[in-house]
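Have a look at coords.cif below; it lists mmCIF, C-alpha atoms.
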```
data_query
#
loop_
_atom_site.label_atom_id
_atom_site.label_comp_id
_atom_site.auth_asym_id
_atom_site.auth_seq_id
_atom_site.Cartn_x
_atom_site.Cartn_y
_atom_site.Cartn_z
CA MET Z 1 -2.95 -18.38 2.03
CA ASP Z 2 -6.56 -18.34 1.01
CA ILE Z 3 -8.54 -15.40 -0.33
CA LYS Z 4 -12.22 -15.38 -1.09
CA GLY Z 5 -14.41 -12.80 -2.70
CA GLU Z 6 -17.60 -12.22 -4.62
CA TYR Z 7 -18.62 -10.01 -7.50
CA ARG Z 8 -22.04 -9.41 -8.98
CA ILE Z 9 -21.90 -9.03 -12.74
CA ALA Z 10 -24.75 -7.55 -14.74
CA ALA Z 11 -24.68 -10.18 -17.48
CA PRO Z 12 -26.17 -13.66 -18.00
CA ARG Z 13 -24.17 -16.62 -16.75
CA GLU Z 14 -23.45 -18.00 -20.25
CA LYS Z 15 -21.90 -14.72 -21.29
CA VAL Z 16 -19.78 -14.56 -18.12
CA PHE Z 17 -18.57 -18.11 -18.61
CA ALA Z 18 -17.65 -17.46 -22.24
CA ALA Z 19 -15.64 -14.43 -21.16
CA LEU Z 20 -13.79 -16.51 -18.56
CA ASN Z 21 -12.59 -18.67 -21.46
CA ASP Z 22 -11.69 -15.82 -23.78
CA ALA Z 23 -7.92 -15.27 -23.96
CA GLU Z 24 -8.38 -11.64 -25.00
CA VAL Z 25 -10.57 -10.88 -21.99
CA LEU Z 26 -8.15 -12.67 -19.65
CA LYS Z 27 -5.20 -10.79 -21.09
CA ALA Z 28 -6.94 -7.48 -20.49
CA CYS Z 29 -7.80 -8.42 -16.89
CA ILE Z 30 -4.66 -10.17 -15.57
CA PRO Z 31 -2.75 -7.40 -13.76
CA GLY Z 32 0.47 -6.49 -15.59
CA CYS Z 33 -0.13 -9.01 -18.40
CA GLU Z 34 2.17 -8.22 -21.32
CA SER Z 35 1.30 -11.19 -23.48
CA LEU Z 36 -1.00 -14.20 -23.37
CA GLU Z 37 -0.85 -16.84 -26.07
CA LYS Z 38 -3.30 -19.64 -26.47
CA LEU Z 39 -1.73 -23.10 -26.90
CA SER Z 40 -5.03 -24.98 -26.68
CA ASP Z 41 -8.51 -24.42 -25.28
CA THR Z 42 -7.18 -24.98 -21.78
CA GLU Z 43 -3.52 -23.93 -21.92
CA MET Z 44 -1.90 -20.57 -22.42
CA THR Z 45 1.53 -19.05 -21.92
CA ALA Z 46 1.78 -15.65 -20.32
CA LYS Z 47 4.26 -12.91 -19.56
CA VAL Z 48 3.36 -10.77 -16.59
CA ARG Z 49 5.18 -7.77 -15.16
CA LEU Z 50 4.26 -6.86 -11.61
CA ARG Z 51 5.18 -3.70 -9.81
CA ILE Z 52 4.34 -3.62 -6.12
CA GLY Z 53 5.99 -0.75 -4.31
CA PRO Z 54 9.73 -0.97 -4.78
CA VAL Z 55 9.65 -4.44 -6.32
CA SER Z 56 9.28 -4.97 -10.02
CA ALA Z 57 9.50 -8.50 -11.40
CA ALA Z 58 8.68 -10.10 -14.73
CA PHE Z 59 7.21 -13.59 -14.61
CA SER Z 60 6.79 -15.93 -17.53
CA GLY Z 61 4.79 -19.08 -17.22
CA LYS Z 62 1.72 -21.09 -17.91
CA VAL Z 63 -1.98 -20.49 -17.38
CA THR Z 64 -4.16 -23.60 -17.24
CA LEU Z 65 -7.94 -23.99 -17.13
CA SER Z 66 -9.30 -27.12 -15.45
CA ASP Z 67 -12.43 -28.57 -13.79
CA ILE Z 68 -14.37 -26.93 -16.61
CA ASP Z 69 -18.10 -27.12 -15.92
CA PRO Z 70 -19.98 -24.75 -18.25
CA PRO Z 71 -21.61 -22.49 -17.29
CA ASN Z 72 -21.11 -23.12 -13.57
CA GLY Z 73 -17.42 -22.44 -13.23
CA TYR Z 74 -13.87 -23.69 -13.56
CA LYS Z 75 -10.48 -23.45 -12.01
CA ILE Z 76 -7.85 -21.11 -13.44
CA SER Z 77 -4.26 -21.71 -12.35
CA GLY Z 78 -1.02 -20.07 -13.17
CA GLU Z 79 2.59 -20.59 -12.35
CA GLY Z 80 5.50 -18.46 -13.30
CA GLN Z 81 9.23 -18.11 -12.89
CA GLY Z 82 10.48 -14.65 -12.07
CA GLY Z 83 14.20 -15.29 -12.46
CA VAL Z 84 16.18 -14.29 -9.36
CA ALA Z 85 13.02 -12.90 -7.80
CA GLY Z 86 11.60 -16.38 -7.27
CA PHE Z 87 8.46 -18.12 -8.39
CA ALA Z 88 4.76 -17.64 -7.91
CA LYS Z 89 1.93 -20.03 -8.45
CA GLY Z 90 -1.69 -19.93 -7.62
CA GLY Z 91 -5.15 -20.89 -8.62
CA ALA Z 92 -8.64 -19.57 -8.33
CA SER Z 93 -11.79 -21.68 -8.23
CA VAL Z 94 -14.54 -19.67 -9.85
CA ARG Z 95 -18.23 -20.44 -9.34
CA LEU Z 96 -21.04 -18.73 -11.20
CA THR Z 97 -24.62 -18.61 -9.97
CA ASP Z 98 -27.71 -16.89 -11.39
CA ASP Z 99 -29.36 -14.25 -9.31
CA ALA Z 100 -32.26 -12.21 -10.62
CA GLY Z 101 -30.92 -11.72 -14.12
CA THR Z 102 -27.36 -11.07 -12.98
CA THR Z 103 -24.52 -13.45 -12.26
CA VAL Z 104 -22.72 -13.82 -8.97
CA LEU Z 105 -19.09 -14.75 -9.42
CA ALA Z 106 -17.50 -16.25 -6.31
CA TYR Z 107 -13.79 -16.95 -6.24
CA ASP Z 108 -11.48 -18.77 -3.90
CA VAL Z 109 -7.82 -18.08 -4.50
CA ASP Z 110 -4.86 -19.91 -3.09
CA ALA Z 111 -1.39 -18.67 -3.89
CA GLN Z 112 2.15 -19.70 -3.11
CA VAL Z 113 5.27 -17.64 -3.55
CA GLY Z 114 8.82 -18.85 -3.15
CA GLY Z 115 12.38 -17.72 -3.53
CA LYS Z 116 13.87 -14.37 -2.69
CA ILE Z 117 10.66 -12.43 -3.18
CA ALA Z 118 9.04 -14.59 -0.47
CA GLN Z 119 11.92 -14.15 1.97
CA VAL Z 120 12.17 -10.41 1.61
CA GLY Z 121 8.49 -9.69 1.22
CA ALA Z 122 6.88 -12.29 3.50
CA ARG Z 123 4.85 -9.66 5.34
CA LEU Z 124 3.51 -8.29 2.04
CA ILE Z 125 2.51 -11.43 0.18
CA GLN Z 126 -1.03 -11.76 1.47
CA GLY Z 127 -1.86 -8.12 0.87
CA THR Z 128 -0.37 -8.32 -2.60
CA ALA Z 129 -2.27 -11.48 -3.51
CA ARG Z 130 -5.54 -9.94 -2.35
CA LYS Z 131 -4.86 -6.78 -4.30
CA LEU Z 132 -4.09 -8.73 -7.49
CA ALA Z 133 -7.18 -10.94 -7.10
CA ASP Z 134 -9.29 -7.84 -6.61
CA GLN Z 135 -7.77 -6.12 -9.63
CA PHE Z 136 -8.36 -9.17 -11.82
CA PHE Z 137 -11.95 -9.89 -10.82
CA GLY Z 138 -12.82 -6.21 -10.54
CA LYS Z 139 -11.67 -5.53 -14.07
CA PHE Z 140 -13.31 -8.73 -15.30
CA ALA Z 141 -16.65 -7.79 -13.77
CA GLU Z 142 -16.36 -4.33 -15.28
CA SER Z 143 -15.47 -5.50 -18.77
CA VAL Z 144 -18.11 -8.25 -18.97
CA GLY Z 145 -21.08 -6.64 -17.31
CA ALA Z 146 -22.22 -3.16 -16.75
CA PRO Z 147 -20.33 -1.46 -13.89
CA PRO Z 148 -20.14 -3.82 -10.88
CA LEU Z 149 -23.05 -3.39 -8.49
CA ALA Z 150 -21.22 -4.74 -5.47
CA ALA Z 151 -17.67 -5.74 -4.82
CA ALA Z 152 -16.21 -7.32 -1.75
CA ALA Z 153 -13.10 -9.29 -0.97
CA GLU Z 154 -12.72 -11.07 2.30
CA PRO Z 155 -9.89 -13.17 3.61
CA ALA Z 156 -10.97 -16.59 4.73
CA MET P 1 22.43 -4.92 -8.49
CA TYR P 2 21.62 -4.50 -12.16
CA ASP P 3 23.10 -1.63 -14.15
CA PHE P 4 21.23 1.65 -14.26
CA ALA P 5 21.94 5.24 -15.27
CA TYR P 6 22.58 7.43 -12.21
CA HIS P 7 21.47 11.07 -12.08
CA ARG P 8 22.09 13.58 -9.31
CA PRO P 9 20.09 16.70 -10.15
CA LYS P 10 20.61 19.95 -8.19
CA THR P 11 17.14 21.40 -8.74
CA MET P 12 13.58 20.10 -8.87
CA ALA P 13 13.35 21.12 -12.53
CA GLU P 14 16.37 18.95 -13.38
CA ALA P 15 14.92 16.04 -11.38
CA THR P 16 11.57 16.25 -13.14
CA ALA P 17 13.34 16.44 -16.51
CA ALA P 18 15.47 13.38 -15.68
CA LEU P 19 12.34 11.34 -14.89
CA LYS P 20 10.25 12.55 -17.83
CA GLY P 21 9.35 9.97 -20.48
CA LYS P 22 11.12 7.14 -18.66
CA PRO P 23 8.50 4.79 -17.21
CA GLU P 24 11.19 2.57 -15.66
CA ALA P 25 13.11 5.41 -13.99
CA ARG P 26 12.88 5.64 -10.19
CA PRO P 27 13.43 8.65 -7.99
CA MET P 28 15.50 7.96 -4.85
CA SER P 29 15.32 9.92 -1.61
CA GLY P 30 16.91 8.21 1.43
CA GLY P 31 17.06 4.91 -0.45
CA MET P 32 16.04 2.96 2.66
CA THR P 33 13.70 0.76 0.63
CA LEU P 34 14.99 1.20 -2.91
CA ILE P 35 18.66 0.33 -2.28
CA PRO P 36 17.98 -3.00 -0.51
CA THR P 37 15.52 -3.84 -3.30
CA LEU P 38 18.14 -3.09 -5.95
CA LYS P 39 20.75 -5.12 -4.07
CA GLN P 40 18.37 -8.08 -3.98
CA ARG P 41 17.78 -7.63 -7.72
CA LEU P 42 14.07 -7.32 -7.09
CA ALA P 43 13.84 -4.24 -9.28
CA LYS P 44 15.57 -3.21 -12.48
CA PRO P 45 15.08 0.51 -13.04
CA SER P 46 16.53 2.07 -16.18
CA ASP P 47 17.52 5.21 -14.28
CA VAL P 48 17.89 6.20 -10.64
CA VAL P 49 17.34 9.89 -10.00
CA ASP P 50 18.99 10.72 -6.67
CA LEU P 51 17.21 13.63 -4.97
CA ASN P 52 19.87 14.12 -2.28
CA GLY P 53 21.57 16.96 -4.16
CA ILE P 54 18.47 19.18 -4.13
CA LYS P 55 18.98 21.63 -1.29
CA GLU P 56 15.56 23.31 -1.60
CA LEU P 57 13.82 20.05 -0.62
CA ALA P 58 15.14 19.77 2.95
CA GLY P 59 14.19 21.88 5.92
CA ILE P 60 11.44 22.61 8.43
CA LYS P 61 9.32 25.75 8.57
CA VAL P 62 6.95 26.63 11.37
CA ASP P 63 4.27 29.28 11.44
CA GLY P 64 1.25 29.94 13.63
CA SER P 65 -0.91 27.36 11.91
CA GLY P 66 1.47 24.43 11.65
CA VAL P 67 4.68 22.83 10.41
CA THR P 68 5.88 22.38 6.84
CA VAL P 69 8.52 19.72 6.36
CA GLY P 70 10.55 19.52 3.14
CA ALA P 71 10.37 16.14 1.42
CA MET P 72 14.10 15.41 1.85
CA THR P 73 14.14 16.15 5.58
CA ARG P 74 15.64 13.19 7.51
CA HIS P 75 13.68 11.51 10.28
CA ALA P 76 16.42 12.44 12.78
CA ASP P 77 16.04 16.12 11.89
CA VAL P 78 12.27 16.00 12.44
CA ALA P 79 12.81 14.15 15.74
CA SER P 80 15.31 16.68 17.07
CA SER P 81 13.73 19.85 15.70
CA ALA P 82 12.81 22.27 18.49
CA ASP P 83 10.22 23.78 16.16
CA VAL P 84 8.45 20.45 15.58
CA LYS P 85 8.70 19.51 19.26
CA GLY P 86 7.11 22.83 20.14
CA ALA P 87 4.31 22.77 17.57
CA ILE P 88 3.42 19.06 17.26
CA PRO P 89 5.35 17.00 19.83
CA ALA P 90 3.69 13.76 18.69
CA LEU P 91 5.19 14.16 15.22
CA ALA P 92 8.74 14.61 16.58
CA ASP P 93 8.21 11.63 18.88
CA LEU P 94 6.99 9.46 15.98
CA ALA P 95 10.03 10.39 13.87
CA GLY P 96 12.34 9.49 16.75
CA HIS P 97 11.03 5.93 16.81
CA ILE P 98 11.24 5.08 13.11
CA GLY P 99 13.58 2.15 12.37
CA ASP P 100 17.06 2.47 13.87
CA PRO P 101 19.58 5.35 14.00
CA ALA P 102 20.96 4.50 10.55
CA VAL P 103 17.48 4.68 9.01
CA ARG P 104 16.61 7.89 10.90
CA ASN P 105 19.75 9.64 9.69
CA ARG P 106 19.21 8.66 6.08
CA GLY P 107 15.53 8.08 5.48
CA THR P 108 13.32 11.01 4.54
CA MET P 109 9.72 12.00 5.15
CA GLY P 110 8.93 12.41 1.46
CA GLY P 111 10.43 9.02 0.63
CA SER P 112 8.47 7.26 3.35
CA VAL P 113 5.18 8.91 2.42
CA ALA P 114 5.64 8.38 -1.35
CA ASN P 115 6.57 4.71 -0.82
CA ASN P 116 3.49 4.18 1.39
CA ASP P 117 4.72 0.96 2.95
CA PRO P 118 1.76 -0.57 4.81
CA ALA P 119 3.79 -0.61 8.04
CA ALA P 120 5.48 2.79 7.78
CA ASP P 121 4.92 5.32 10.60
CA TYR P 122 4.67 8.63 8.75
CA PRO P 123 1.49 7.81 6.79
CA ALA P 124 -0.34 7.56 10.15
CA ALA P 125 0.79 11.08 11.08
CA VAL P 126 -0.09 12.50 7.66
CA LEU P 127 -3.59 11.01 7.78
CA GLY P 128 -4.09 11.52 11.52
CA LEU P 129 -3.13 15.19 11.46
CA ASP P 130 -5.04 15.89 8.23
CA ALA P 131 -1.84 17.05 6.54
CA THR P 132 -1.52 18.35 3.00
CA VAL P 133 1.01 16.89 0.57
CA THR P 134 2.53 19.37 -1.87
CA THR P 135 3.98 17.93 -5.06
CA THR P 136 5.70 19.24 -8.15
CA SER P 137 2.29 19.81 -9.73
CA ARG P 138 -0.41 20.22 -7.02
CA THR P 139 -1.48 19.86 -3.41
CA ILE P 140 -3.23 16.71 -2.21
CA LYS P 141 -5.20 16.28 1.05
CA ALA P 142 -4.18 13.30 3.19
CA ASP P 143 -7.59 11.66 2.76
CA ASP P 144 -7.06 11.60 -1.02
CA PHE P 145 -3.38 10.68 -0.99
CA PHE P 146 -3.11 7.09 0.27
CA LYS P 147 -4.78 4.73 -2.20
CA GLY P 148 -3.77 1.18 -1.26
CA LEU P 149 -0.85 -1.16 -0.75
CA PHE P 150 2.19 0.93 -1.85
CA GLU P 151 -0.23 3.05 -3.88
CA THR P 152 -0.64 6.81 -3.65
CA ALA P 153 -2.26 9.55 -5.70
CA LEU P 154 1.19 10.44 -7.13
CA GLU P 155 1.47 10.12 -10.90
CA ASP P 156 4.57 8.86 -12.69
CA GLY P 157 7.28 11.49 -12.42
CA GLU P 158 5.38 13.53 -9.82
CA LEU P 159 7.49 14.22 -6.71
CA ILE P 160 6.55 15.31 -3.21
CA THR P 161 8.16 18.65 -2.37
CA SER P 162 6.81 19.18 1.17
CA ILE P 163 4.17 18.12 3.65
CA THR P 164 2.23 20.61 5.80
CA PHE P 165 0.88 19.48 9.17
CA PRO P 166 -1.68 21.73 10.84
CA LYS P 167 -1.22 22.12 14.59
CA ALA P 168 -3.46 19.86 16.62
CA GLU P 169 -5.02 20.66 19.97
CA LYS P 170 -3.88 17.23 21.18
CA ALA P 171 -2.06 14.42 19.41
CA GLY P 172 -0.42 11.12 20.27
CA TYR P 173 1.11 8.16 18.43
CA MET P 174 1.74 4.70 19.81
CA LYS P 175 2.99 1.68 17.96
CA PHE P 176 3.70 -1.93 18.69
CA PRO P 177 7.00 -2.29 16.86
CA ASN P 178 8.30 -5.46 15.30
CA PRO P 179 11.26 -6.14 17.59
CA ALA P 180 13.67 -6.72 14.69
CA SER P 181 12.79 -4.02 12.18
CA ARG P 182 10.88 -1.50 14.35
CA TYR P 183 8.25 -1.45 11.66
CA ALA P 184 4.82 -0.89 13.14
CA MET P 185 2.97 -4.19 13.60
CA VAL P 186 0.21 -1.74 14.44
CA GLY P 187 0.59 1.99 14.98
CA VAL P 188 -2.23 4.39 15.82
CA PHE P 189 -2.11 8.16 15.50
CA VAL P 190 -4.86 10.00 17.37
CA ALA P 191 -5.36 13.75 17.00
CA LYS P 192 -7.89 16.31 18.16
CA THR P 193 -7.77 18.74 15.24
CA ALA P 194 -9.68 21.83 14.21
CA GLY P 195 -11.75 19.64 11.90
CA GLY P 196 -12.55 17.03 14.56
CA VAL P 197 -10.95 13.95 16.07
CA ARG P 198 -8.96 11.73 13.71
CA VAL P 199 -7.73 8.19 14.30
CA ALA P 200 -5.30 6.79 11.72
CA VAL P 201 -4.02 3.21 11.82
CA THR P 202 -0.88 1.94 10.10
CA GLY P 203 0.65 -1.56 10.01
CA ALA P 204 -2.67 -3.31 10.47
CA GLY P 205 -4.05 -3.27 6.94
CA PRO P 206 -2.70 -3.04 3.38
CA CYS P 207 -2.75 0.75 3.69
CA VAL P 208 -3.17 3.34 6.45
CA PHE P 209 -6.87 3.85 7.32
CA ARG P 210 -9.13 5.83 9.67
CA VAL P 211 -11.46 4.34 12.28
CA LYS P 212 -14.65 6.38 12.25
CA ALA P 213 -16.28 4.64 15.21
CA MET P 214 -13.33 5.63 17.40
CA GLU P 215 -13.32 9.18 16.04
CA ASP P 216 -17.01 9.61 16.90
CA ALA P 217 -16.55 8.20 20.39
CA LEU P 218 -13.51 10.36 21.08
CA ALA P 219 -15.32 13.46 19.79
CA ARG P 220 -17.85 12.95 22.60
CA ASN P 221 -15.29 12.02 25.23
CA PHE P 222 -11.56 12.29 24.51
CA SER P 223 -10.43 9.55 26.87
CA ALA P 224 -8.99 6.05 26.46
CA ASP P 225 -12.04 4.55 28.17
CA ALA P 226 -14.34 5.93 25.48
CA ILE P 227 -12.91 3.52 22.88
CA LYS P 228 -12.11 0.50 25.00
CA ASP P 229 -15.00 -1.53 23.56
CA ILE P 230 -14.54 -0.48 19.93
CA LYS P 231 -13.01 -3.24 17.82
CA VAL P 232 -12.05 -3.05 14.17
CA PRO P 233 -13.02 -6.12 12.11
CA ALA P 234 -10.13 -8.49 11.38
CA ASP P 235 -11.41 -8.99 7.82
CA GLY P 236 -8.88 -7.65 5.34
CA LEU P 237 -6.16 -6.94 7.90
CA ASN P 238 -2.59 -8.15 7.45
CA SER P 239 -1.68 -11.65 8.51
CA ASP P 240 1.90 -12.90 8.44
CA ILE P 241 4.44 -14.81 10.54
CA HIS P 242 4.58 -11.89 12.99
CA GLY P 243 0.90 -11.81 13.80
CA SER P 244 -2.54 -12.86 12.59
CA ALA P 245 -5.25 -10.48 11.41
CA GLU P 246 -7.19 -11.11 14.65
CA TYR P 247 -4.12 -10.20 16.71
CA ARG P 248 -3.61 -7.01 14.76
CA ALA P 249 -7.30 -6.10 15.12
CA HIS P 250 -6.91 -6.48 18.88
CA LEU P 251 -3.74 -4.36 18.85
CA VAL P 252 -5.55 -1.50 17.10
CA THR P 253 -7.75 -0.91 20.16
CA VAL P 254 -4.83 -1.32 22.57
CA MET P 255 -2.58 1.09 20.68
CA ALA P 256 -5.42 3.58 20.13
CA ARG P 257 -6.09 3.73 23.88
CA ARG P 258 -2.41 4.27 24.62
CA ALA P 259 -2.23 6.96 21.94
CA VAL P 260 -5.15 8.80 23.56
CA ASP P 261 -3.41 8.58 26.94
CA GLN P 262 -0.27 9.92 25.29
CA ALA P 263 -2.21 12.79 23.72
CA ASN P 264 -3.78 13.66 27.08
CA LYS P 265 -0.42 13.89 28.89
#
```
Would you mind writing the structure in this file as structure tokens?
Amino acid sequence: MDIKGEYRIAAPREKVFAALNDAEVLKACIPGCESLEKLSDTEMTAKVRLRIGPVSAAFSGKVTLSDIDPPNGYKISGEGQGGVAGFAKGGASVRLTDDAGTTVLAYDVDAQVGGKIAQVGARLIQGTARKLADQFFGKFAESVGAPPLAAAAEPA
Amino acid sequence: MYDFAYHRPKTMAEATAALKGKPEARPMSGGMTLIPTLKQRLAKPSDVVDLNGIKELAGIKVDGSGVTVGAMTRHADVASSADVKGAIPALADLAGHIGDPAVRNRGTMGGSVANNDPAADYPAAVLGLDATVTTTSRTIKADDFFKGLFETALEDGELITSITFPKAEKAGYMKFPNPASRYAMVGVFVAKTAGGVRVAVTGAGPCVFRVKAMEDALARNFSADAIKDIKVPADGLNSDIHGSAEYRAHLVTVMARRAVDQANK
């Protein structure tokens, strides 16, 4: 599954890129994030509790930053084990471009889910992934810039 | 199933008290979604508050302006109610095609609407008929109630007590059911109401939604032909092993036309 979207953030690109690398900002923006600990500049461990409709699952796992290209973008990936619920992993390529004093953040998410949660909730996975991506980038855009000027998420 | 504390209150006040201050407590109505989820260990609530002992929550009342259905009213009771059939036949017909007989005899309207599954049938009727949801603390218009995938305006601990459907001049619901589950791959509720024509689509997107272009066309000419060329964009629609977003977008127009024909019968 592949989800793309774009946000315009009212802040300069350097500031947006710095925020993308700030564990505190990420922790505040990752939906359901209970803890995020920095192991190095590019590796973190996270505990995330997700509640989507009837399902509630706690995932613990790793968040990794790669393809770092300041201030143009990077790739943020995560994978987590949710016990009997199954596993989830996914990544988002983030590109930043300047546009008239603001920054346009474009993301391209791919996500995979396996185990029981994937069997039972197959019809819901895409909608859930899109909702989580939207929550993350929406909150990020809000916390880094002034209120977002435009927000759109489109499936590829 | 994981362990949880089980409560069976007899009144709404007891139910609200049992949920208060417990963020991991879950209310249970018919249990058609919650019980399978618990059995799969995909949720671990601290407490389950079973609403089946609350007599005041079930029942159907009809007056000149519409139908009020108690939150704990089973689908089978809505489907077979002479009052509902008389006032809003499309609503009784919709209830009679939810899931299978086991689901219809156990599942409840309040549970279905509060859960807001993207493929559930009732949300289409609530939005299509411009219904009002009454909760333990307020009333909420349908347009303000459904917020997103499994998301509603309900706050933690807030329970639906009843839903009031105004009578419509004409109404029809058609769905393309998944052959195994009878969930709506796409379901469209069309109604000619006092406030105008409403078209509500379930199953196609992450949450029930209205199609304004169809509403405007049907307001001018309430016939299936009036909307035959109106397509909803596939962007953002559900895509899974049962059907792609493009397929669902196509089904919206097909089901909407059939629903209009149904309403005109």
Per-residue nearest contacts of chain Z to chain P (7 Å; all atoms listed in the file) as JSON lines:
```
{"residue": "Z:Ile52", "atom": "CA", "partner": "P:Phe150", "partner_atom": "CA", "distance": 6.6}
{"residue": "Z:Gly53", "atom": "CA", "partner": "P:Phe150", "partner_atom": "CA", "distance": 4.8}
{"residue": "Z:Pro54", "atom": "CA", "partner": "P:Leu34", "partner_atom": "CA", "distance": 6.0}
{"residue": "Z:Val55", "atom": "CA", "partner": "P:Ala43", "partner_atom": "CA", "distance": 5.1}
{"residue": "Z:Ser56", "atom": "CA", "partner": "P:Ala43", "partner_atom": "CA", "distance": 4.7}
{"residue": "Z:Ala57", "atom": "CA", "partner": "P:Leu42", "partner_atom": "CA", "distance": 6.4}
{"residue": "Z:Ala85", "atom": "CA", "partner": "P:Leu42", "partner_atom": "CA", "distance": 5.7}
{"residue": "Z:Arg123", "atom": "CA", "partner": "P:Asp240", "partner_atom": "CA", "distance": 5.4}
{"residue": "Z:Gly127", "atom": "CA", "partner": "P:Pro206", "partner_atom": "CA", "distance": 5.7}
{"residue": "Z:Glu154", "atom": "CA", "partner": "P:Gly236", "partner_atom": "CA", "distance": 6.0}
{"residue": "Z:Pro155", "atom": "CA", "partner": "P:Gly236", "partner_atom": "CA", "distance": 5.9}
```
(message) Under the rule that only C-alpha atoms are counted, which of P:Lys22, P:Lys85, P:His7, P:Arg74 is the nearest residue to Val48 in chain P?
(response) P:His7
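Minimum atom-to-atom distance to Phe140 in chain Z, evaluated using all atoms listed in the file, belongs to Z:Leu105 out of Z:Ala58, Z:Ile76, Z:Met44, Z:Leu105.
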(message) Within 9 Å of (8.9, 1.6, 9.1) (file coordinates; all atoms listed in the file), which protein or nucleic acid residues are there? I'd like them as a list in words.
(response)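 Output: Ile98, Gly99, Ser112, Asp117, Pro118, Ala119, Ala120, Asp121, Tyr122, Pro177, Ser181, Arg182, Tyr183, Ala184 and Gly203 of chain P.
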(message) Excluding range 225-227 of chain P and its own-chain neighbours fewer than 2 positions away, which residues fall within 12 Å of it when counting only C-alpha atoms? Please give them as a VMD selection string.
(response) chain P and resid 190 199 211 to 223 229 to 232 252 to 261
(request) List the residues selected by the PyMOL selection byres ((chain P and resi 188) around 6) in the file shown, writing them as a PyMOL selection string. (result) chain P and resi 173-174+187+189+200-201+255-256
(message) Quick check on the file I pasted: which residues fall under the PyMOL selection byres ((chain P and resi 68) around 10)? Write them as a ChimeraX atom specification.
(response) /P:59-63,65-67,69-71,84,131-134,162-166
(request) Name every residue that the PyMOL selection byres ((chain Z and resi 106-119) around 8) selects in this structure, writing the answer as a PyMOL selection string with chains first and numbers rising. (result) (chain Z and resi 1-7+84-96+104-105+120-122+125+129+133) or (chain P and resi 40+42)
(message) Could you list, as a ChimeraX atom specification, every residue within 12 Å of Asp77 in chain P, counting all atoms listed in the file and ignoring same-chain residues fewer than 4 positions away?
(response) /P:58-60,69-73,81-85,91-96,101,103-109
(request) Could you check how far CA of Tyr74 in chain Z sits from CA of Arg49 in chain Z, in Å to one decimal? (result) 24.9 Å
Give me the residues near Thr97 in chain Z as a PDB file with C-alpha atoms, keeping the file's coordinate frame, where near means some atom within 10 Å (using only C-alpha atoms) and where sequence neighbours in that chain fewer than 4 positions away do not count.
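As a result, around-v7.pdb now contains:
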```
ATOM      1  CA  ARG Z   8     -22.040  -9.410  -8.980  1.00  0.00           C
ATOM      2  CA  PRO Z  12     -26.170 -13.660 -18.000  1.00  0.00           C
ATOM      3  CA  ARG Z  13     -24.170 -16.620 -16.750  1.00  0.00           C
ATOM      4  CA  PRO Z  71     -21.610 -22.490 -17.290  1.00  0.00           C
ATOM      5  CA  ASN Z  72     -21.110 -23.120 -13.570  1.00  0.00           C
ATOM      6  CA  GLY Z  73     -17.420 -22.440 -13.230  1.00  0.00           C
ATOM      7  CA  THR Z 102     -27.360 -11.070 -12.980  1.00  0.00           C
ATOM      8  CA  THR Z 103     -24.520 -13.450 -12.260  1.00  0.00           C
ATOM      9  CA  VAL Z 104     -22.720 -13.820  -8.970  1.00  0.00           C
ATOM     10  CA  LEU Z 105     -19.090 -14.750  -9.420  1.00  0.00           C
ATOM     11  CA  ALA Z 106     -17.500 -16.250  -6.310  1.00  0.00           C
TER      12      ALA Z 106
END
```
As JSON: centre and edge lengths in Å, one decimal, of the axis-aligned box holding range 247-253 of chain P with 6 Å per side:
```
{"center_x": -5.7, "center_y": -5.6, "center_z": 17.5, "size_x": 16.1, "size_y": 21.3, "size_z": 17.4}
```
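Taking CA of Ser80 in chain P and CA of Met32 in chain P as the two end points, the separation is 19.9 Å.
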(request) Give me, please, the distance in Å between CA of Met1 in chain P and CA of Gly157 in chain P, quoted to one decimal. (result)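 Spanning CA of Met1 in chain P to CA of Gly157 in chain P is a straight-line distance of 22.7 Å.
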(message) Counting all atoms listed in the file, which residue out of P:Ala76, P:Met185, P:Gly196, P:Ala87 sits closest to Leu251 in chain P?
(response)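 Counting all atoms listed in the file, the residue closest to Leu251 in chain P is P:Met185.
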(request) Give me the residues within 12 Å of Asp22 in chain Z as a PyMOL selection string, counting all atoms listed in the file and dropping any in the same chain fewer than 4 places off. (result) chain Z and resi 15-18+26-29+36-38+40-44+65+140+144
Restricting the output to C-alpha atoms, write the selected residues as a JSON list (two decimals), keeping the file's coordinate frame.
```json
[["chain", "number", "residue", "atom", "x", "y", "z"],
["Z", 15, "LYS", "CA", -21.90, -14.72, -21.29],
["Z", 16, "VAL", "CA", -19.78, -14.56, -18.12],
["Z", 17, "PHE", "CA", -18.57, -18.11, -18.61],
["Z", 18, "ALA", "CA", -17.65, -17.46, -22.24],
["Z", 26, "LEU", "CA", -8.15, -12.67, -19.65],
["Z", 27, "LYS", "CA", -5.20, -10.79, -21.09],
["Z", 28, "ALA", "CA", -6.94, -7.48, -20.49],
["Z", 29, "CYS", "CA", -7.80, -8.42, -16.89],
["Z", 36, "LEU", "CA", -1.00, -14.20, -23.37],
["Z", 37, "GLU", "CA", -0.85, -16.84, -26.07],
["Z", 38, "LYS", "CA", -3.30, -19.64, -26.47],
["Z", 40, "SER", "CA", -5.03, -24.98, -26.68],
["Z", 41, "ASP", "CA", -8.51, -24.42, -25.28],
["Z", 42, "THR", "CA", -7.18, -24.98, -21.78],
["Z", 43, "GLU", "CA", -3.52, -23.93, -21.92],
["Z", 44, "MET", "CA", -1.90, -20.57, -22.42],
["Z", 65, "LEU", "CA", -7.94, -23.99, -17.13],
["Z", 140, "PHE", "CA", -13.31, -8.73, -15.30],
["Z", 144, "VAL", "CA", -18.11, -8.25, -18.97]]
```
